[in-house]
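Colleague: Here you go, this is query-v4.txt (compact mmCIF, C-alpha atoms).
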```txt
# COMPACT_ATOMS: atom_id res chain seq x y z
CA MET A 262 10.17 -18.10 -9.00
CA VAL A 263 8.95 -21.60 -8.14
CA ASN A 264 11.43 -24.24 -6.99
CA LEU A 265 10.53 -27.35 -8.98
CA SER A 266 13.20 -29.65 -7.54
CA VAL A 267 12.20 -32.85 -5.73
CA SER A 268 14.00 -35.68 -3.96
CA LEU A 269 13.29 -39.39 -4.41
CA ALA A 270 14.97 -41.50 -1.71
CA GLY A 271 18.01 -39.21 -1.85
CA VAL A 272 18.08 -38.88 -5.64
CA GLU A 273 17.70 -35.22 -6.57
CA LEU A 274 15.65 -34.28 -9.66
CA LYS A 275 15.37 -30.78 -11.12
CA ASN A 276 11.60 -31.26 -11.43
CA PRO A 277 9.07 -34.05 -10.74
CA ILE A 278 8.18 -34.91 -14.36
CA ILE A 279 9.31 -38.33 -15.59
CA PRO A 280 8.28 -40.00 -18.87
CA ALA A 281 7.00 -43.47 -17.98
CA SER A 282 8.63 -46.68 -19.10
CA GLY A 283 7.38 -48.06 -22.39
CA THR A 284 6.22 -44.69 -23.71
CA PHE A 285 9.61 -43.02 -24.19
CA GLY A 286 11.78 -45.84 -25.49
CA TYR A 287 15.42 -44.98 -24.80
CA GLY A 288 14.88 -41.29 -25.49
CA ARG A 289 16.36 -41.18 -29.00
CA GLU A 290 13.23 -40.19 -30.89
CA PHE A 291 12.27 -37.52 -28.37
CA ALA A 292 15.80 -36.10 -28.24
CA GLY A 293 15.34 -35.13 -31.88
CA LEU A 294 12.42 -32.91 -30.84
CA TYR A 295 13.64 -31.21 -27.66
CA ASP A 296 16.45 -31.20 -25.08
CA LEU A 297 15.71 -34.10 -22.71
CA ASN A 298 17.51 -32.26 -19.93
CA VAL A 299 14.36 -30.25 -19.26
CA LEU A 300 12.98 -33.44 -17.64
CA GLY A 301 13.39 -34.54 -14.05
CA SER A 302 14.37 -38.01 -15.26
CA PHE A 303 12.96 -40.67 -17.54
CA SER A 304 12.18 -44.32 -17.04
CA PHE A 305 13.54 -46.27 -19.97
CA LYS A 306 11.97 -49.31 -21.57
CA GLY A 307 11.46 -52.32 -19.30
CA THR A 308 14.48 -54.64 -19.31
CA THR A 309 14.43 -58.43 -18.95
CA GLY A 310 17.33 -60.87 -18.82
CA GLU A 311 16.94 -62.09 -22.40
CA ALA A 312 15.81 -60.23 -25.50
CA ARG A 313 12.05 -60.39 -26.08
CA LEU A 314 10.10 -59.82 -29.30
CA GLY A 315 6.92 -59.19 -27.33
CA ASN A 316 3.40 -60.30 -28.09
CA PRO A 317 2.00 -60.91 -31.60
CA GLN A 318 0.25 -58.14 -33.54
CA PRO A 319 -2.13 -56.42 -33.18
CA ARG A 320 -1.13 -55.29 -29.72
CA ILE A 321 -2.48 -51.73 -29.56
CA ALA A 322 -6.16 -50.78 -29.53
CA GLU A 323 -7.96 -47.50 -28.95
CA ALA A 324 -10.44 -47.03 -26.12
CA PRO A 325 -12.56 -44.10 -24.95
CA ALA A 326 -10.22 -41.64 -23.18
CA GLY A 327 -7.29 -44.01 -23.46
CA MET A 328 -5.67 -46.97 -25.14
CA LEU A 329 -5.03 -50.68 -24.61
CA ASN A 330 -1.59 -52.19 -25.08
CA ALA A 331 -0.29 -55.75 -24.95
CA VAL A 332 3.27 -55.10 -26.15
CA GLY A 333 4.68 -57.85 -23.96
CA LEU A 334 7.92 -56.34 -22.62
CA GLN A 335 9.65 -56.14 -26.01
CA ASN A 336 13.28 -55.22 -25.35
CA PRO A 337 16.81 -56.21 -26.46
CA GLY A 338 17.76 -57.79 -23.11
CA VAL A 339 19.98 -56.57 -20.29
CA ASP A 340 23.29 -57.19 -22.10
CA ALA A 341 22.37 -54.93 -25.01
CA VAL A 342 20.82 -52.29 -22.76
CA ILE A 343 24.01 -52.00 -20.70
CA ALA A 344 26.37 -52.17 -23.67
CA GLU A 345 24.50 -49.92 -26.10
CA GLU A 346 21.42 -48.14 -24.76
CA ILE A 347 22.66 -46.73 -21.45
CA PRO A 348 25.83 -45.18 -22.96
CA ASN A 349 23.68 -43.58 -25.65
CA MET A 350 21.16 -42.29 -23.09
CA ALA A 351 24.05 -40.78 -21.11
CA LYS A 352 24.81 -38.63 -24.15
CA LEU A 353 21.21 -37.41 -24.36
CA PHE A 354 20.41 -36.87 -20.68
CA ARG A 355 22.81 -35.74 -17.96
CA GLY A 356 20.62 -36.51 -14.94
CA PRO A 357 19.92 -39.80 -13.17
CA LEU A 358 18.00 -42.36 -15.21
CA ILE A 359 15.32 -44.71 -13.92
CA ALA A 360 15.82 -48.32 -15.00
CA ASN A 361 12.54 -50.21 -15.29
CA VAL A 362 13.25 -53.88 -14.60
CA GLY A 363 11.15 -56.94 -15.41
CA GLY A 364 11.59 -60.60 -14.64
CA PHE A 365 9.89 -63.98 -14.54
CA THR A 366 11.79 -65.45 -11.58
CA LEU A 367 13.33 -64.04 -8.41
CA ASP A 368 16.80 -64.79 -9.73
CA GLU A 369 16.14 -62.89 -12.96
CA TYR A 370 14.88 -59.83 -11.10
CA ALA A 371 17.88 -59.87 -8.78
CA GLU A 372 20.47 -60.35 -11.54
CA ASN A 373 18.95 -57.68 -13.78
CA CYS A 374 18.84 -55.19 -10.90
CA ARG A 375 22.38 -56.03 -9.80
CA ARG A 376 23.77 -55.39 -13.25
CA LEU A 377 21.73 -52.27 -14.02
CA GLY A 378 22.44 -50.91 -10.55
CA GLU A 379 26.16 -51.01 -11.33
CA CYS A 380 25.66 -48.48 -14.16
CA ASP A 381 26.61 -44.98 -13.01
CA GLN A 382 23.87 -43.29 -15.05
CA VAL A 383 21.12 -45.32 -13.35
CA GLY A 384 19.89 -43.45 -10.28
CA ILE A 385 16.80 -45.52 -9.40
CA LEU A 386 15.69 -49.09 -10.07
CA GLU A 387 11.97 -49.28 -10.84
CA VAL A 388 10.95 -52.91 -10.41
CA ASN A 389 7.90 -53.91 -12.42
CA ILE A 390 6.18 -56.65 -10.43
CA SER A 391 3.27 -56.94 -12.86
CA CYS A 392 5.25 -59.70 -14.58
CA PRO A 393 3.95 -63.30 -14.36
CA ASN A 394 5.74 -65.59 -11.92
CA VAL A 395 6.55 -68.66 -14.00
CA HIS A 396 6.99 -70.77 -10.85
CA CYS A 397 3.51 -69.95 -9.54
CA GLY A 398 1.29 -70.74 -12.50
CA GLY A 399 1.69 -67.33 -14.15
CA LYS A 400 0.18 -65.32 -11.29
CA ASN A 401 1.72 -61.84 -11.22
CA PHE A 402 4.35 -61.16 -8.55
CA GLY A 403 2.54 -57.96 -7.65
CA SER A 404 -0.84 -59.56 -6.98
CA ASP A 405 0.27 -61.24 -3.75
CA PRO A 406 1.89 -59.43 -0.78
CA ARG A 407 4.25 -62.33 -0.05
CA SER A 408 5.51 -62.53 -3.64
CA ALA A 409 5.89 -58.75 -3.82
CA ALA A 410 7.94 -58.80 -0.64
CA GLU A 411 10.11 -61.64 -1.93
CA VAL A 412 11.02 -59.69 -5.07
CA THR A 413 11.75 -56.58 -3.00
CA SER A 414 14.05 -58.48 -0.65
CA ALA A 415 15.84 -60.24 -3.50
CA VAL A 416 16.56 -56.96 -5.27
CA LYS A 417 17.57 -55.04 -2.15
CA ALA A 418 20.12 -57.75 -1.36
CA VAL A 419 22.11 -57.07 -4.53
CA THR A 420 22.13 -53.28 -4.97
CA ASP A 421 22.70 -50.07 -3.06
CA LYS A 422 20.64 -48.04 -5.54
CA PRO A 423 17.16 -46.90 -4.43
CA VAL A 424 14.53 -49.49 -5.31
CA PHE A 425 11.01 -48.38 -6.23
CA MET A 426 8.46 -51.15 -6.65
CA LYS A 427 6.00 -50.49 -9.49
CA LEU A 428 2.61 -51.86 -8.49
CA SER A 429 -0.29 -53.21 -10.50
CA PRO A 430 -3.75 -51.73 -9.82
CA ASN A 431 -5.33 -55.11 -10.59
CA VAL A 432 -5.48 -56.12 -6.92
CA THR A 433 -8.04 -56.01 -4.14
CA ASP A 434 -5.97 -53.95 -1.67
CA ILE A 435 -3.16 -51.84 -3.13
CA ALA A 436 -2.14 -50.57 0.32
CA GLU A 437 -1.50 -54.12 1.52
CA ILE A 438 0.89 -54.75 -1.38
CA ALA A 439 2.66 -51.43 -0.77
CA ARG A 440 3.10 -52.19 2.94
CA ALA A 441 4.57 -55.60 2.10
CA CYS A 442 7.13 -53.96 -0.21
CA ALA A 443 7.97 -51.26 2.35
CA ASP A 444 8.41 -53.82 5.12
CA ALA A 445 10.77 -55.78 2.84
CA GLY A 446 13.00 -52.74 2.39
CA ALA A 447 11.67 -50.88 -0.67
CA ASP A 448 12.90 -47.29 -0.90
CA GLY A 449 9.77 -46.14 -2.74
CA ILE A 450 6.61 -47.15 -4.56
CA CYS A 451 5.55 -46.36 -8.14
CA LEU A 452 1.89 -46.66 -9.12
CA ILE A 453 -0.20 -47.32 -11.01
CA ASN A 454 0.63 -49.68 -13.81
CA THR A 455 -2.10 -50.28 -16.40
CA LEU A 456 -5.59 -51.61 -15.69
CA LEU A 457 -6.54 -54.87 -17.36
CA GLY A 458 -9.01 -54.29 -20.21
CA MET A 459 -10.36 -55.68 -23.47
CA ARG A 460 -12.06 -54.58 -26.73
CA ILE A 461 -13.99 -56.69 -29.27
CA ASP A 462 -14.25 -55.89 -32.98
CA LEU A 463 -17.92 -55.88 -33.99
CA LYS A 464 -17.18 -56.86 -37.60
CA SER A 465 -15.04 -59.90 -36.87
CA LYS A 466 -16.63 -60.61 -33.50
CA ARG A 467 -13.12 -61.24 -32.21
CA PRO A 468 -10.92 -59.45 -29.64
CA LEU A 469 -9.06 -56.48 -31.12
CA LEU A 470 -5.82 -57.54 -29.44
CA ALA A 471 -4.05 -60.77 -30.44
CA ASN A 472 -3.33 -61.25 -26.73
CA ARG A 473 -7.08 -60.82 -26.05
CA THR A 474 -6.53 -58.53 -23.05
CA GLY A 475 -4.26 -55.56 -22.59
CA GLY A 476 -3.38 -52.74 -20.23
CA LEU A 477 -5.62 -49.67 -20.22
CA SER A 478 -3.82 -46.34 -19.90
CA GLY A 479 -4.63 -42.71 -20.59
CA PRO A 480 -6.99 -40.16 -18.99
CA ALA A 481 -9.61 -42.84 -18.26
CA VAL A 482 -7.43 -44.28 -15.47
CA PHE A 483 -6.45 -40.97 -13.84
CA PRO A 484 -9.09 -41.01 -11.05
CA VAL A 485 -8.04 -44.57 -10.17
CA ALA A 486 -4.41 -43.45 -9.97
CA VAL A 487 -5.31 -40.53 -7.69
CA ARG A 488 -7.22 -42.82 -5.33
CA MET A 489 -4.49 -45.44 -5.20
CA VAL A 490 -1.70 -42.88 -4.67
CA TRP A 491 -3.80 -41.45 -1.82
CA ASP A 492 -4.24 -44.90 -0.24
CA VAL A 493 -0.56 -45.82 -0.53
CA TYR A 494 0.64 -42.45 0.80
CA GLU A 495 -1.39 -43.12 3.94
CA ALA A 496 -0.13 -46.72 4.20
CA VAL A 497 3.66 -46.27 3.92
CA ASP A 498 6.37 -43.81 4.94
CA ILE A 499 8.43 -44.02 1.75
CA PRO A 500 8.14 -41.77 -1.32
CA VAL A 501 5.59 -42.46 -4.04
CA ILE A 502 5.93 -41.85 -7.78
CA GLY A 503 2.42 -41.31 -9.16
CA CYS A 504 1.51 -42.51 -12.63
CA GLY A 505 -1.65 -43.08 -14.64
CA GLY A 506 -3.46 -40.81 -17.06
CA VAL A 507 -1.42 -37.66 -16.41
CA ALA A 508 -1.85 -35.26 -19.33
CA SER A 509 -1.29 -31.77 -17.89
CA ALA A 510 0.52 -29.79 -15.21
CA GLU A 511 -2.75 -29.66 -13.30
CA ASP A 512 -2.95 -33.47 -13.34
CA ALA A 513 0.62 -33.70 -12.05
CA CYS A 514 -0.12 -31.33 -9.18
CA GLU A 515 -3.29 -33.24 -8.31
CA LEU A 516 -1.34 -36.49 -8.01
CA MET A 517 1.20 -34.71 -5.81
CA LEU A 518 -1.57 -33.40 -3.57
CA ALA A 519 -2.72 -37.01 -3.23
CA GLY A 520 0.76 -38.02 -2.05
CA ALA A 521 3.14 -38.36 -5.00
CA SER A 522 6.66 -36.94 -4.70
CA ALA A 523 7.13 -37.16 -8.48
CA VAL A 524 4.93 -37.97 -11.45
CA GLU A 525 5.34 -40.22 -14.47
CA VAL A 526 3.66 -39.38 -17.76
CA GLY A 527 2.80 -42.32 -20.02
CA ALA A 528 0.21 -42.47 -22.77
CA ALA A 529 0.24 -38.68 -23.22
CA ASN A 530 3.69 -39.03 -24.83
CA LEU A 531 2.20 -41.21 -27.56
CA ARG A 532 -0.48 -38.66 -28.37
CA ASP A 533 1.80 -35.62 -28.16
CA PRO A 534 5.58 -36.14 -28.14
CA TYR A 535 5.99 -32.71 -26.52
CA ALA A 536 3.65 -33.60 -23.62
CA CYS A 537 6.30 -33.80 -20.89
CA LYS A 538 8.07 -30.65 -22.04
CA LYS A 539 4.77 -28.74 -21.96
CA ILE A 540 3.93 -30.04 -18.50
CA VAL A 541 7.31 -28.92 -17.14
CA GLU A 542 6.87 -25.48 -18.71
CA ASN A 543 3.37 -25.08 -17.24
CA LEU A 544 4.20 -26.21 -13.70
CA PRO A 545 5.38 -22.80 -12.38
CA ALA A 546 2.12 -21.11 -13.39
CA VAL A 547 0.01 -23.84 -11.78
CA CYS A 548 2.10 -23.73 -8.61
CA GLY A 549 1.67 -19.96 -8.59
CA ARG A 550 -2.10 -20.33 -8.69
CA LEU A 551 -1.87 -22.85 -5.86
CA GLY A 552 0.25 -20.46 -3.79
CA VAL A 553 3.34 -22.66 -3.40
CA GLU A 554 6.96 -21.62 -3.89
CA ASN A 555 8.37 -25.16 -3.59
CA ILE A 556 6.54 -27.80 -5.60
CA SER A 557 7.59 -30.43 -3.06
CA ASP A 558 5.22 -28.73 -0.59
CA LEU A 559 2.31 -30.12 -2.64
CA THR A 560 3.18 -33.72 -1.76
CA GLY A 561 0.42 -35.06 0.47
CA ALA A 562 -0.97 -31.58 1.15
CA ALA A 563 -4.54 -32.79 0.60
CA HIS A 564 -4.10 -35.10 3.62
CA ARG A 565 -3.29 -32.25 5.98
```
Please render this file's structure as structure tokens.
Modeller:
Amino acid sequence: MVNLSVSLAGVELKNPIIPASGTFGYGREFAGLYDLNVLGSFSFKGTTGEARLGNPQPRIAEAPAGMLNAVGLQNPGVDAVIAEEIPNMAKLFRGPLIANVGGFTLDEYAENCRRLGECDQVGILEVNISCPNVHCGGKNFGSDPRSAAEVTSAVKAVTDKPVFMKLSPNVTDIAEIARACADAGADGICLINTLLGMRIDLKSKRPLLANRTGGLSGPAVFPVAVRMVWDVYEAVDIPVIGCGGVASAEDACELMLAGASAVEVGAANLRDPYACKKIVENLPAVCGRLGVENISDLTGAAHR
């Protein structure tokens, strides 16, 4: 028997597999297909202070070995999430949820995290700092170490829940950003978010996405995720959630070898709604081949 349990900043999960925010909604559709309690946790749709309709259509485009999305943080706003979505998720999943939090100002991040952190079902706050800072000309919070640290400090000041900062790969030095977040009090790091990409329609000679650019996800980004998880594991002494292109139990174990304590699965859920369930089911066999009895022993093993 393989022990699949892992710990994230004191939050215990039965296994390391977590559907990534934006690819699993609030769990309702997937709960009609299988028991969500087979998962370690799931990160629900990114929440902002006010309801957002998102970007104009089209906002999804295919790419070789992946997809581009420019959804634009569509969500019903923090009031509706707390009043309606979290109680419903508590009926579908008995473990700790991960609340993905967005914002366009420091105050919005802090208020959203304070309110979501007060919800019993929320075990971890996953702070998406790929959002544009409206007070700094639209530059993403996560592209500058000082801004990343400011968001981390603002959130840590208002909640006792573990705070994991979700980092953008669209930076020169991911380790520098991670260190800034850790120094500001982050309990963990989640990476990577999507890579900035673009497609052009040959017939219309126009961008395929109405937003022009979008985030690339899927197997194409997996090697980038492995490298960045490796770099961040060496840079900080806090747990890392690895994410980016994971499509199999083997992929999950590879990210853990690079330094991840748990693994989020994103675009694979859109291709196969049973993807996470299959990965969980296949983990014991892969761990057996790797000769480990506790999956947590894989974390960072490639560094040793």
Colleague: If you count all atoms listed in the file, which residues fall within 8 Å of A:Gly356, apart from same-chain ones fewer than 4 positions away, as a PDB file with C-alpha atoms, in the frame of the given file?
Modeller:
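Saved the output as around_34.pdb:
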```pdb
ATOM      1  CA  LEU A 274      15.650 -34.280  -9.660  1.00  0.00           C
ATOM      2  CA  ASN A 298      17.510 -32.260 -19.930  1.00  0.00           C
ATOM      3  CA  GLY A 301      13.390 -34.540 -14.050  1.00  0.00           C
ATOM      4  CA  SER A 302      14.370 -38.010 -15.260  1.00  0.00           C
ATOM      5  CA  GLN A 382      23.870 -43.290 -15.050  1.00  0.00           C
TER       6      GLN A 382
END
```
Colleague: Restricting the calculation to only C-alpha atoms: of A:Ala443, A:Ile385, A:Ala436, A:Ala529, which residue gets closest to A:Asp421?
Modeller: A:Ile385
Colleague: Choose the residue, out of A:Leu386, A:Ile502, A:Leu334, A:Met350, that has the smallest atom-to-atom separation from A:Val526; count only C-alpha atoms.
Modeller: A:Ile502
Colleague: I'd like the contact shell of stretch 453-455 of chain A - 8 Å cut-off, all atoms listed in the file, skipping same-chain residues fewer than 3 positions apart - returned as a short mmCIF file (atom, residue, chain, number, x, y, z; two decimals) with C-alpha atoms, in the frame of the given file.
Modeller:
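Everything below was put into around.cif:
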```cif
data_model
loop_
_atom_site.label_atom_id
_atom_site.label_comp_id
_atom_site.auth_asym_id
_atom_site.auth_seq_id
_atom_site.Cartn_x
_atom_site.Cartn_y
_atom_site.Cartn_z
CA SER A 391 3.27 -56.94 -12.86
CA LYS A 427 6.00 -50.49 -9.49
CA LEU A 428 2.61 -51.86 -8.49
CA SER A 429 -0.29 -53.21 -10.50
CA PRO A 430 -3.75 -51.73 -9.82
CA GLY A 476 -3.38 -52.74 -20.23
CA LEU A 477 -5.62 -49.67 -20.22
CA SER A 478 -3.82 -46.34 -19.90
CA ALA A 486 -4.41 -43.45 -9.97
CA MET A 489 -4.49 -45.44 -5.20
CA VAL A 490 -1.70 -42.88 -4.67
CA GLY A 503 2.42 -41.31 -9.16
CA CYS A 504 1.51 -42.51 -12.63
CA GLY A 505 -1.65 -43.08 -14.64
#
```
Colleague: What's the separation between atom CA of A:Gly338 and atom CA of A:Gly403, in Å to one decimal place?
Modeller: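 So the answer is 21.7 Å.
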Colleague: If we count all atoms listed in the file, what is near A:Thr560 at a cut-off of 8 Å, once residues fewer than 5 positions away on the same chain are taken out, given as a ChimeraX atom specification?
Modeller: /A:517-522
Colleague: Compile the contact shell of A:Asp533 as a VMD selection string: residues with an atom at most 12 Å away, counting all atoms listed in the file, same-chain residues fewer than 3 positions apart removed.
Modeller: chain A and resid 284 to 285 291 294 508 to 509 526 to 530 536 to 540
Colleague: Nearest residue to A:Ala439 out of A:Phe483, A:Tyr494, A:Phe402, A:Tyr295, using all atoms listed in the file?
Modeller: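 Smallest distance to A:Ala439 is found for A:Tyr494.
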Colleague: Between A:Asp296, A:Asp381, A:Glu554, A:Asp492, which has the minimum distance to A:Phe354 (counting all atoms listed in the file)?
Modeller: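 For A:Phe354, the nearest of the given residues is A:Asp296.
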Colleague: My list of candidates is A:Gly552, A:Gly561, A:Pro277, A:Pro423. Which is closest to A:Glu495 when distances are computed with all atoms listed in the file?
Modeller: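 So, comparing all the options, the nearest one is A:Gly561.
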Colleague: Quick check, in Å to one decimal: how far apart do atom CA of A:Glu273 and atom CA of A:Leu358 lie?
Modeller: 11.2 Å
Colleague: Return the single residue from A:Thr420, A:Asn336, A:Ser282, A:Ser268 that is closest to A:Cys380, with distances computed using only C-alpha atoms.
Modeller: A:Thr420
Colleague: To one decimal place in Å, what is the distance between atom CA of A:Ala562 and atom CA of A:Val272?
Modeller: 21.5 Å
Colleague: With all atoms listed in the file as the counted atoms, please give the residues lying no more than 10 Å from stretch 497-499 of chain A, apart from itself and same-chain residues fewer than 3 positions off, as a list of chain:residue names.
Modeller: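 Once the nearby chain positions are removed, what remains is A:Leu269, A:Ala270, A:Phe425, A:Ala436, A:Glu437, A:Ala439, A:Arg440, A:Ala441, A:Cys442, A:Ala443, A:Asp444, A:Gly446, A:Ala447, A:Asp448, A:Gly449, A:Ile450, A:Asp492, A:Val493, A:Tyr494, A:Ser522.
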Colleague: Output the selection as a PDB file, in the coordinates of the input - C-alpha atoms for each residue.
Modeller:
```pdb
ATOM      1  CA  LEU A 269      13.290 -39.390  -4.410  1.00  0.00           C
ATOM      2  CA  ALA A 270      14.970 -41.500  -1.710  1.00  0.00           C
ATOM      3  CA  PHE A 425      11.010 -48.380  -6.230  1.00  0.00           C
ATOM      4  CA  ALA A 436      -2.140 -50.570   0.320  1.00  0.00           C
ATOM      5  CA  GLU A 437      -1.500 -54.120   1.520  1.00  0.00           C
ATOM      6  CA  ALA A 439       2.660 -51.430  -0.770  1.00  0.00           C
ATOM      7  CA  ARG A 440       3.100 -52.190   2.940  1.00  0.00           C
ATOM      8  CA  ALA A 441       4.570 -55.600   2.100  1.00  0.00           C
ATOM      9  CA  CYS A 442       7.130 -53.960  -0.210  1.00  0.00           C
ATOM     10  CA  ALA A 443       7.970 -51.260   2.350  1.00  0.00           C
ATOM     11  CA  ASP A 444       8.410 -53.820   5.120  1.00  0.00           C
ATOM     12  CA  GLY A 446      13.000 -52.740   2.390  1.00  0.00           C
ATOM     13  CA  ALA A 447      11.670 -50.880  -0.670  1.00  0.00           C
ATOM     14  CA  ASP A 448      12.900 -47.290  -0.900  1.00  0.00           C
ATOM     15  CA  GLY A 449       9.770 -46.140  -2.740  1.00  0.00           C
ATOM     16  CA  ILE A 450       6.610 -47.150  -4.560  1.00  0.00           C
ATOM     17  CA  ASP A 492      -4.240 -44.900  -0.240  1.00  0.00           C
ATOM     18  CA  VAL A 493      -0.560 -45.820  -0.530  1.00  0.00           C
ATOM     19  CA  TYR A 494       0.640 -42.450   0.800  1.00  0.00           C
ATOM     20  CA  SER A 522       6.660 -36.940  -4.700  1.00  0.00           C
TER      21      SER A 522
END
```
Colleague: Find the nearest atom pair between each residue of stretch 494-522 of chain A and stretch 543-546 of chain A for residues within 9 Å, count only C-alpha atoms, give distances in Å to one decimal, sort rows by chain and ascending number, and present the table as JSON lines.
Modeller:
```
{"residue": "A:Ser509", "atom": "CA", "partner": "A:Asn543", "partner_atom": "CA", "distance": 8.2}
{"residue": "A:Ala510", "atom": "CA", "partner": "A:Leu544", "partner_atom": "CA", "distance": 5.4}
{"residue": "A:Glu511", "atom": "CA", "partner": "A:Leu544", "partner_atom": "CA", "distance": 7.8}
{"residue": "A:Ala513", "atom": "CA", "partner": "A:Leu544", "partner_atom": "CA", "distance": 8.5}
{"residue": "A:Cys514", "atom": "CA", "partner": "A:Leu544", "partner_atom": "CA", "distance": 8.1}
```
